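Just run.pdb here, PDB, C-alpha atoms and all ligand atoms:
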```pdb
ATOM      1  CA  MET A   1      -8.186  18.716  17.278  1.00  0.00           C
ATOM      2  CA  ASN A   2      -4.976  19.876  18.982  1.00  0.00           C
ATOM      3  CA  LEU A   3      -4.272  23.544  18.406  1.00  0.00           C
ATOM      4  CA  VAL A   4      -1.534  25.985  19.394  1.00  0.00           C
ATOM      5  CA  LEU A   5      -2.025  29.749  19.506  1.00  0.00           C
ATOM      6  CA  LEU A   6       1.117  31.762  18.817  1.00  0.00           C
ATOM      7  CA  GLY A   7       1.655  35.495  19.001  1.00  0.00           C
ATOM      8  CA  PRO A   8       3.435  38.117  21.080  1.00  0.00           C
ATOM      9  CA  PRO A   9       2.167  39.042  24.539  1.00  0.00           C
ATOM     10  CA  GLY A  10      -0.898  41.232  24.038  1.00  0.00           C
ATOM     11  CA  SER A  11      -1.785  39.793  20.629  1.00  0.00           C
ATOM     12  CA  GLY A  12      -5.154  38.606  21.921  1.00  0.00           C
ATOM     13  CA  LYS A  13      -4.386  34.895  22.314  1.00  0.00           C
ATOM     14  CA  GLY A  14      -6.371  34.637  25.543  1.00  0.00           C
ATOM     15  CA  THR A  15      -9.464  36.327  24.101  1.00  0.00           C
ATOM     16  CA  LEU A  16      -9.434  34.190  20.953  1.00  0.00           C
ATOM     17  CA  ALA A  17      -8.741  31.064  22.996  1.00  0.00           C
ATOM     18  CA  LYS A  18     -11.854  31.601  25.116  1.00  0.00           C
ATOM     19  CA  LEU A  19     -14.056  32.025  22.013  1.00  0.00           C
ATOM     20  CA  LEU A  20     -12.498  29.097  20.152  1.00  0.00           C
ATOM     21  CA  SER A  21     -12.608  26.813  23.138  1.00  0.00           C
ATOM     22  CA  SER A  22     -16.339  27.316  23.593  1.00  0.00           C
ATOM     23  CA  GLU A  23     -16.962  26.992  19.836  1.00  0.00           C
ATOM     24  CA  LEU A  24     -14.909  23.787  19.451  1.00  0.00           C
ATOM     25  CA  LYS A  25     -15.691  22.423  22.939  1.00  0.00           C
ATOM     26  CA  ILE A  26     -12.074  21.732  23.752  1.00  0.00           C
ATOM     27  CA  PRO A  27     -10.263  23.017  26.865  1.00  0.00           C
ATOM     28  CA  HIS A  28      -8.275  26.240  26.772  1.00  0.00           C
ATOM     29  CA  ILE A  29      -4.927  25.483  28.374  1.00  0.00           C
ATOM     30  CA  SER A  30      -2.963  28.611  29.241  1.00  0.00           C
ATOM     31  CA  THR A  31       0.388  28.059  30.943  1.00  0.00           C
ATOM     32  CA  GLY A  32       0.306  31.707  32.080  1.00  0.00           C
ATOM     33  CA  ASP A  33      -3.053  31.152  33.819  1.00  0.00           C
ATOM     34  CA  ILE A  34      -1.860  27.903  35.410  1.00  0.00           C
ATOM     35  CA  LEU A  35       1.296  29.574  36.747  1.00  0.00           C
ATOM     36  CA  ARG A  36      -0.571  32.692  37.985  1.00  0.00           C
ATOM     37  CA  GLU A  37      -2.963  30.429  39.912  1.00  0.00           C
ATOM     38  CA  GLU A  38      -0.016  28.581  41.480  1.00  0.00           C
ATOM     39  CA  THR A  39       1.617  31.837  42.570  1.00  0.00           C
ATOM     40  CA  LYS A  40      -1.709  33.082  43.970  1.00  0.00           C
ATOM     41  CA  LEU A  41      -2.084  29.880  46.012  1.00  0.00           C
ATOM     42  CA  GLY A  42       1.562  30.142  47.137  1.00  0.00           C
ATOM     43  CA  THR A  43       2.364  26.532  46.196  1.00  0.00           C
ATOM     44  CA  CYS A  44       5.910  25.239  45.893  1.00  0.00           C
ATOM     45  CA  LEU A  45       5.649  25.552  42.103  1.00  0.00           C
ATOM     46  CA  GLY A  46       4.187  29.041  42.452  1.00  0.00           C
ATOM     47  CA  LYS A  47       7.116  30.161  44.611  1.00  0.00           C
ATOM     48  CA  LYS A  48       9.598  28.760  42.088  1.00  0.00           C
ATOM     49  CA  VAL A  49       8.105  30.510  39.058  1.00  0.00           C
ATOM     50  CA  LYS A  50       7.159  33.872  40.603  1.00  0.00           C
ATOM     51  CA  PRO A  51      10.576  35.560  40.219  1.00  0.00           C
ATOM     52  CA  PHE A  52      10.693  34.686  36.511  1.00  0.00           C
ATOM     53  CA  MET A  53       7.158  35.923  35.876  1.00  0.00           C
ATOM     54  CA  GLU A  54       7.720  39.200  37.727  1.00  0.00           C
ATOM     55  CA  LYS A  55      10.637  40.029  35.463  1.00  0.00           C
ATOM     56  CA  GLY A  56       8.915  38.918  32.260  1.00  0.00           C
ATOM     57  CA  GLU A  57      11.441  36.087  31.873  1.00  0.00           C
ATOM     58  CA  LEU A  58      10.539  32.599  30.728  1.00  0.00           C
ATOM     59  CA  VAL A  59      10.157  29.911  33.367  1.00  0.00           C
ATOM     60  CA  PRO A  60      12.744  27.138  32.718  1.00  0.00           C
ATOM     61  CA  ASP A  61      11.664  24.597  30.094  1.00  0.00           C
ATOM     62  CA  GLN A  62      11.952  21.633  32.449  1.00  0.00           C
ATOM     63  CA  ILE A  63       9.420  23.110  34.889  1.00  0.00           C
ATOM     64  CA  ILE A  64       6.970  24.047  32.131  1.00  0.00           C
ATOM     65  CA  LEU A  65       7.233  20.645  30.465  1.00  0.00           C
ATOM     66  CA  GLU A  66       6.424  18.903  33.754  1.00  0.00           C
ATOM     67  CA  VAL A  67       3.385  21.158  34.260  1.00  0.00           C
ATOM     68  CA  MET A  68       2.167  20.436  30.731  1.00  0.00           C
ATOM     69  CA  LYS A  69       2.776  16.712  30.928  1.00  0.00           C
ATOM     70  CA  GLU A  70       0.436  16.553  33.898  1.00  0.00           C
ATOM     71  CA  ARG A  71      -2.129  18.918  32.340  1.00  0.00           C
ATOM     72  CA  ILE A  72      -2.566  17.240  28.965  1.00  0.00           C
ATOM     73  CA  ARG A  73      -3.063  13.858  30.605  1.00  0.00           C
ATOM     74  CA  LYS A  74      -6.291  15.066  32.235  1.00  0.00           C
ATOM     75  CA  PRO A  75      -9.490  13.556  30.807  1.00  0.00           C
ATOM     76  CA  ASP A  76     -10.860  16.859  29.448  1.00  0.00           C
ATOM     77  CA  GLY A  77      -8.079  17.060  26.843  1.00  0.00           C
ATOM     78  CA  GLN A  78      -8.457  13.620  25.354  1.00  0.00           C
ATOM     79  CA  LYS A  79     -10.532  14.877  22.409  1.00  0.00           C
ATOM     80  CA  GLY A  80      -8.317  17.870  21.771  1.00  0.00           C
ATOM     81  CA  PHE A  81      -7.059  21.059  23.367  1.00  0.00           C
ATOM     82  CA  LEU A  82      -6.102  24.616  22.665  1.00  0.00           C
ATOM     83  CA  LEU A  83      -2.681  25.670  23.906  1.00  0.00           C
ATOM     84  CA  ASP A  84      -2.167  29.350  24.728  1.00  0.00           C
ATOM     85  CA  GLY A  85       1.304  30.563  25.710  1.00  0.00           C
ATOM     86  CA  PHE A  86       2.878  27.158  25.177  1.00  0.00           C
ATOM     87  CA  PRO A  87       5.181  26.130  23.568  1.00  0.00           C
ATOM     88  CA  ARG A  88       7.355  29.213  23.829  1.00  0.00           C
ATOM     89  CA  THR A  89      10.765  27.743  23.014  1.00  0.00           C
ATOM     90  CA  ILE A  90      12.094  25.127  20.604  1.00  0.00           C
ATOM     91  CA  PRO A  91      12.794  22.633  23.457  1.00  0.00           C
ATOM     92  CA  GLN A  92       9.157  23.052  24.584  1.00  0.00           C
ATOM     93  CA  ALA A  93       7.911  22.437  21.018  1.00  0.00           C
ATOM     94  CA  LEU A  94      10.049  19.290  20.808  1.00  0.00           C
ATOM     95  CA  GLY A  95       8.870  18.284  24.285  1.00  0.00           C
ATOM     96  CA  ILE A  96       5.148  18.472  23.493  1.00  0.00           C
ATOM     97  CA  ASP A  97       5.709  16.548  20.258  1.00  0.00           C
ATOM     98  CA  GLU A  98       7.381  13.770  22.244  1.00  0.00           C
ATOM     99  CA  MET A  99       4.599  13.717  24.854  1.00  0.00           C
ATOM    100  CA  LEU A 100       1.885  13.499  22.211  1.00  0.00           C
ATOM    101  CA  LYS A 101       3.731  10.844  20.231  1.00  0.00           C
ATOM    102  CA  GLU A 102       3.427   8.514  23.221  1.00  0.00           C
ATOM    103  CA  SER A 103      -0.334   8.473  22.670  1.00  0.00           C
ATOM    104  CA  THR A 104      -0.066   8.624  18.836  1.00  0.00           C
ATOM    105  CA  LYS A 105      -1.291  12.215  18.779  1.00  0.00           C
ATOM    106  CA  SER A 106       0.231  15.398  17.386  1.00  0.00           C
ATOM    107  CA  ILE A 107      -0.308  19.149  17.080  1.00  0.00           C
ATOM    108  CA  ASP A 108      -2.713  19.663  14.156  1.00  0.00           C
ATOM    109  CA  TRP A 109      -2.619  23.434  13.545  1.00  0.00           C
ATOM    110  CA  VAL A 110      -0.689  26.404  14.824  1.00  0.00           C
ATOM    111  CA  LEU A 111      -2.450  29.760  14.547  1.00  0.00           C
ATOM    112  CA  LYS A 112      -0.258  32.849  14.677  1.00  0.00           C
ATOM    113  CA  LEU A 113      -1.919  36.143  15.586  1.00  0.00           C
ATOM    114  CA  ASP A 114      -0.203  38.960  13.696  1.00  0.00           C
ATOM    115  CA  VAL A 115      -0.306  42.266  15.571  1.00  0.00           C
ATOM    116  CA  SER A 116       1.964  45.323  15.249  1.00  0.00           C
ATOM    117  CA  GLU A 117       4.304  46.142  18.114  1.00  0.00           C
ATOM    118  CA  ASP A 118       2.629  49.509  18.542  1.00  0.00           C
ATOM    119  CA  ARG A 119      -0.751  47.858  19.073  1.00  0.00           C
ATOM    120  CA  VAL A 120       0.727  45.338  21.513  1.00  0.00           C
ATOM    121  CA  LEU A 121       2.239  48.110  23.639  1.00  0.00           C
ATOM    122  CA  LYS A 122      -1.117  49.887  23.841  1.00  0.00           C
ATOM    123  CA  ARG A 123      -3.016  46.729  24.644  1.00  0.00           C
ATOM    124  CA  LEU A 124      -0.691  45.628  27.428  1.00  0.00           C
ATOM    125  CA  GLY A 125       0.089  49.083  28.829  1.00  0.00           C
ATOM    126  CA  GLY A 126      -3.620  49.963  29.063  1.00  0.00           C
ATOM    127  CA  ARG A 127      -4.871  46.587  30.278  1.00  0.00           C
ATOM    128  CA  TRP A 128      -6.739  46.512  33.595  1.00  0.00           C
ATOM    129  CA  ILE A 129      -8.563  43.441  34.886  1.00  0.00           C
ATOM    130  CA  CYS A 130     -11.499  43.135  37.289  1.00  0.00           C
ATOM    131  CA  SER A 131     -10.530  41.510  40.595  1.00  0.00           C
ATOM    132  CA  GLY A 132     -14.107  40.244  40.968  1.00  0.00           C
ATOM    133  CA  CYS A 133     -15.330  38.831  37.652  1.00  0.00           C
ATOM    134  CA  GLY A 134     -12.133  38.859  35.554  1.00  0.00           C
ATOM    135  CA  ALA A 135     -13.522  41.235  32.880  1.00  0.00           C
ATOM    136  CA  PHE A 136     -10.867  43.003  30.797  1.00  0.00           C
ATOM    137  CA  PHE A 137     -10.729  46.773  30.265  1.00  0.00           C
ATOM    138  CA  ASN A 138      -8.321  48.985  28.352  1.00  0.00           C
ATOM    139  CA  LEU A 139      -7.674  52.565  29.383  1.00  0.00           C
ATOM    140  CA  TYR A 140      -7.171  53.572  25.720  1.00  0.00           C
ATOM    141  CA  THR A 141      -9.737  51.505  23.839  1.00  0.00           C
ATOM    142  CA  LYS A 142     -12.299  50.232  26.365  1.00  0.00           C
ATOM    143  CA  PRO A 143     -12.106  52.331  29.532  1.00  0.00           C
ATOM    144  CA  PRO A 144     -14.385  51.551  32.506  1.00  0.00           C
ATOM    145  CA  GLN A 145     -17.173  54.085  33.095  1.00  0.00           C
ATOM    146  CA  LYS A 146     -15.990  54.783  36.633  1.00  0.00           C
ATOM    147  CA  GLU A 147     -12.256  55.072  37.274  1.00  0.00           C
ATOM    148  CA  LEU A 148     -10.622  51.686  38.004  1.00  0.00           C
ATOM    149  CA  THR A 149     -13.989  50.100  38.811  1.00  0.00           C
ATOM    150  CA  CYS A 150     -15.620  47.215  36.941  1.00  0.00           C
ATOM    151  CA  ASP A 151     -18.679  48.165  34.850  1.00  0.00           C
ATOM    152  CA  PHE A 152     -20.180  44.724  35.427  1.00  0.00           C
ATOM    153  CA  CYS A 153     -19.720  43.877  39.105  1.00  0.00           C
ATOM    154  CA  GLY A 154     -18.324  47.073  40.661  1.00  0.00           C
ATOM    155  CA  SER A 155     -15.126  45.409  41.950  1.00  0.00           C
ATOM    156  CA  LYS A 156     -11.744  47.139  41.811  1.00  0.00           C
ATOM    157  CA  LEU A 157      -9.618  46.768  38.680  1.00  0.00           C
ATOM    158  CA  TYR A 158      -5.966  45.732  38.909  1.00  0.00           C
ATOM    159  CA  GLN A 159      -3.026  45.674  36.522  1.00  0.00           C
ATOM    160  CA  ARG A 160      -1.025  42.456  36.038  1.00  0.00           C
ATOM    161  CA  PRO A 161       2.404  43.077  37.641  1.00  0.00           C
ATOM    162  CA  ASP A 162       4.062  41.956  34.388  1.00  0.00           C
ATOM    163  CA  ASP A 163       2.138  44.642  32.462  1.00  0.00           C
ATOM    164  CA  ALA A 164       4.423  47.303  33.990  1.00  0.00           C
ATOM    165  CA  PRO A 165       6.184  49.216  31.139  1.00  0.00           C
ATOM    166  CA  GLU A 166       9.728  47.892  31.682  1.00  0.00           C
ATOM    167  CA  VAL A 167       8.463  44.306  32.067  1.00  0.00           C
ATOM    168  CA  ILE A 168       6.397  44.592  28.869  1.00  0.00           C
ATOM    169  CA  LEU A 169       9.520  45.556  26.922  1.00  0.00           C
ATOM    170  CA  ASN A 170      11.382  42.573  28.332  1.00  0.00           C
ATOM    171  CA  ARG A 171       8.504  40.193  27.500  1.00  0.00           C
ATOM    172  CA  LEU A 172       8.582  41.411  23.895  1.00  0.00           C
ATOM    173  CA  LYS A 173      12.359  40.986  23.712  1.00  0.00           C
ATOM    174  CA  VAL A 174      12.087  37.461  25.112  1.00  0.00           C
ATOM    175  CA  TYR A 175       9.299  36.691  22.617  1.00  0.00           C
ATOM    176  CA  LYS A 176      11.453  37.737  19.668  1.00  0.00           C
ATOM    177  CA  GLU A 177      14.502  35.831  20.874  1.00  0.00           C
ATOM    178  CA  GLU A 178      12.953  32.639  22.208  1.00  0.00           C
ATOM    179  CA  THR A 179       9.510  32.195  20.698  1.00  0.00           C
ATOM    180  CA  LEU A 180       9.748  33.505  17.117  1.00  0.00           C
ATOM    181  CA  PRO A 181      11.940  30.544  16.020  1.00  0.00           C
ATOM    182  CA  ILE A 182       8.980  28.262  16.762  1.00  0.00           C
ATOM    183  CA  GLU A 183       7.134  29.745  13.779  1.00  0.00           C
ATOM    184  CA  GLU A 184       9.715  28.299  11.440  1.00  0.00           C
ATOM    185  CA  TYR A 185       9.581  24.963  13.245  1.00  0.00           C
ATOM    186  CA  TYR A 186       5.842  24.646  12.596  1.00  0.00           C
ATOM    187  CA  SER A 187       5.986  26.318   9.192  1.00  0.00           C
ATOM    188  CA  LYS A 188       8.385  23.604   7.991  1.00  0.00           C
ATOM    189  CA  GLN A 189       5.807  21.041   9.085  1.00  0.00           C
ATOM    190  CA  GLY A 190       3.100  22.873   7.072  1.00  0.00           C
ATOM    191  CA  LYS A 191       1.069  23.524  10.243  1.00  0.00           C
ATOM    192  CA  LEU A 192       1.416  27.304  10.612  1.00  0.00           C
ATOM    193  CA  ARG A 193      -1.469  29.592   9.624  1.00  0.00           C
ATOM    194  CA  LYS A 194      -1.279  33.390  10.088  1.00  0.00           C
ATOM    195  CA  VAL A 195      -4.287  35.418  11.196  1.00  0.00           C
ATOM    196  CA  ASN A 196      -4.770  39.191  11.315  1.00  0.00           C
ATOM    197  CA  GLY A 197      -4.931  39.829  15.070  1.00  0.00           C
ATOM    198  CA  GLU A 198      -5.878  43.506  14.706  1.00  0.00           C
ATOM    199  CA  LEU A 199      -9.515  42.799  13.800  1.00  0.00           C
ATOM    200  CA  ASP A 200     -12.318  42.565  16.363  1.00  0.00           C
ATOM    201  CA  PRO A 201     -12.497  39.221  18.240  1.00  0.00           C
ATOM    202  CA  ASP A 202     -15.592  37.920  16.379  1.00  0.00           C
ATOM    203  CA  SER A 203     -13.997  38.556  12.960  1.00  0.00           C
ATOM    204  CA  ILE A 204     -10.806  36.844  14.081  1.00  0.00           C
ATOM    205  CA  LEU A 205     -12.845  33.855  15.262  1.00  0.00           C
ATOM    206  CA  LYS A 206     -14.682  33.708  11.944  1.00  0.00           C
ATOM    207  CA  ASN A 207     -11.399  33.805  10.007  1.00  0.00           C
ATOM    208  CA  VAL A 208      -9.916  31.092  12.167  1.00  0.00           C
ATOM    209  CA  LEU A 209     -12.928  28.827  11.723  1.00  0.00           C
ATOM    210  CA  ASN A 210     -12.579  29.352   7.975  1.00  0.00           C
ATOM    211  CA  ILE A 211      -8.909  28.449   8.094  1.00  0.00           C
ATOM    212  CA  LEU A 212      -9.728  25.314  10.039  1.00  0.00           C
ATOM    213  CA  GLN A 213     -12.548  24.723   7.556  1.00  0.00           C
ATOM    214  CA  LEU A 214     -14.926  24.131  10.409  1.00  0.00           C
ATOM    215  CA  LYS A 215     -17.625  26.670   9.824  1.00  0.00           C
ATOM    216  CA  ASN A 216     -18.231  29.787   7.794  1.00  0.00           C
ATOM    217  CA  LYS A 217     -20.480  31.861  10.032  1.00  0.00           C
TER
HETATM  218  P1  LIG B 301       1.345  34.763  29.674  1.00  0.00           P
HETATM  219  O1  LIG B 301       0.119  34.970  30.484  1.00  0.00           O
HETATM  220  O2  LIG B 301       1.197  33.649  28.659  1.00  0.00           O
HETATM  221  O3  LIG B 301       1.870  36.043  29.064  1.00  0.00           O
HETATM  222  O4  LIG B 301       2.485  34.233  30.685  1.00  0.00           O
HETATM  223  C1  LIG B 301       2.901  35.020  31.784  1.00  0.00           C
HETATM  224  C2  LIG B 301       4.285  34.594  32.226  1.00  0.00           C
HETATM  225  O5  LIG B 301       4.262  33.208  32.628  1.00  0.00           O
HETATM  226  C3  LIG B 301       5.357  34.659  31.166  1.00  0.00           C
HETATM  227  O6  LIG B 301       5.909  35.965  31.028  1.00  0.00           O
HETATM  228  C4  LIG B 301       6.375  33.649  31.711  1.00  0.00           C
HETATM  229  O7  LIG B 301       7.096  34.188  32.794  1.00  0.00           O
HETATM  230  C5  LIG B 301       5.482  32.557  32.251  1.00  0.00           C
HETATM  231  N1  LIG B 301       5.153  31.549  31.218  1.00  0.00           N
HETATM  232  C6  LIG B 301       3.919  31.264  30.710  1.00  0.00           C
HETATM  233  N2  LIG B 301       3.987  30.288  29.793  1.00  0.00           N
HETATM  234  C7  LIG B 301       5.301  29.949  29.697  1.00  0.00           C
HETATM  235  C8  LIG B 301       6.027  29.018  28.907  1.00  0.00           C
HETATM  236  N3  LIG B 301       5.417  28.245  28.007  1.00  0.00           N
HETATM  237  N4  LIG B 301       7.366  28.957  29.073  1.00  0.00           N
HETATM  238  C9  LIG B 301       8.001  29.711  29.979  1.00  0.00           C
HETATM  239  N5  LIG B 301       7.387  30.625  30.743  1.00  0.00           N
HETATM  240  C10 LIG B 301       6.045  30.751  30.622  1.00  0.00           C
END
```
Please render this file's structure as structure tokens.
Ligand code: AMP
Amino acid sequence: MNLVLLGPPGSGKGTLAKLLSSELKIPHISTGDILREETKLGTCLGKKVKPFMEKGELVPDQIILEVMKERIRKPDGQKGFLLDGFPRTIPQALGIDEMLKESTKSIDWVLKLDVSEDRVLKRLGGRWICSGCGAFFNLYTKPPQKELTCDFCGSKLYQRPDDAPEVILNRLKVYKEETLPIEEYYSKQGKLRKVNGELDPDSILKNVLNILQLKNK
């Protein structure tokens, strides 16, 4: 099954993707994670995309499509995959359709996480991540016991540079302008399903599995 997760930054796509990917045993492919890893390693690609990411701008479609072309060819995705943060523009949606057509595949379902803007701002603005084990904390809703220190492994917490307030606002603006039109693209194909993204992660997972008619836990 080939799935796409849609939703504004901070809607919980990453959290749901991790749960769904282990439930359905298909890889979670996050373009944001791939690009962050490239910038961390300082590769040529990483250097190209860093300025866009720092400002909360989208990386040009051509670069993203090349990254995805390579990624979806890998053996782990042959039985399906879960895309998180891609496609983000109409040309990217057309691009993935073309790529999949070559191997007579297609996107099966697109799940949109509905979350209010207020909630998104709180989630992103309060998000701190453990530099050791990657655990997520939120200063408003799930604060660490000791200031800026991971409850699980004791490492320091850090904030993603693009979670700075002015960058968050730009990411939301870019989402509305560039990514929202994709909903209509998939809706016209009858593939879009909306999910309440304000529930707890396990309830969201349960609802999604129901929508996909896979399991009713
Ligand atoms: P994310 O972790 O999905 O919020 O992505 C972080 C940043 O990576 C975004 O703000 C963009 O700069 C870049 N990025 C990730 N995925 C894409 C994409 N599909 N198209 C363009 N830029 C992307």
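Residue nearest ligand LIG 301 (chain B) within the list A:Asn207, A:Asn138, A:Thr89, A:Ser155: A:Thr89 [criterion: smallest interatomic distance, all atoms listed in the file].
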>> I'd like the neighbourhood of range 119-129 of chain A as a ChimeraX atom specification, where a residue qualifies if any of its atoms comes within 7 Å (using only C-alpha atoms), though same-chain residues fewer than 4 positions away should be ignored.
In response: /A:10-11,115,134-140,157-159,163-165
> Mind telling me what the PyMOL selection byres (((chain A and resi 97-103) around 12) and not hetatm) catches here, as a ChimeraX atom specification?
Replying inline: /A:2,4,65-66,68-73,77-78,80-81,87,90-96,104-108,185-186
> What do you get, as a PyMOL selection string, if you spell out every residue that the PyMOL selection byres (((not hetatm)) within 10 of (chain B and resi 301)) selects here?
Replying inline: chain A and resi 7-11+13-14+30-36+49-65+67-68+83-89+92-93+160-163+167-168+170-172+174-175+178-179
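Straight-line separation from CA of Gly132 in chain A to CA of Leu148 in chain A: 12.3 Å.
The coordinates place CA of Lys142 in chain A at 17.0 Å from CA of Gly197 in chain A.
Across the model, the gap from CA of Asp114 in chain A to CA of Pro201 in chain A is 13.1 Å.
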> When distances are computed from all atoms listed in the file, which of A:Lys47, A:Phe152, A:Cys130, A:Leu24 shows the smallest separation from Val208 in chain A?
Replying inline: A:Leu24
>> If the PyMOL selection byres (((chain A and resi 193) around 7) and not hetatm) were run on this exact file, what residues would it hold? Put them as a ChimeraX atom specification.
In response: /A:110-112,191-192,194-195
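When all atoms listed in the file are used to measure the gap to Leu169 in chain A, the shortest distance among A:Gln213, A:Leu5, A:Glu117, A:Leu20 belongs to A:Glu117.
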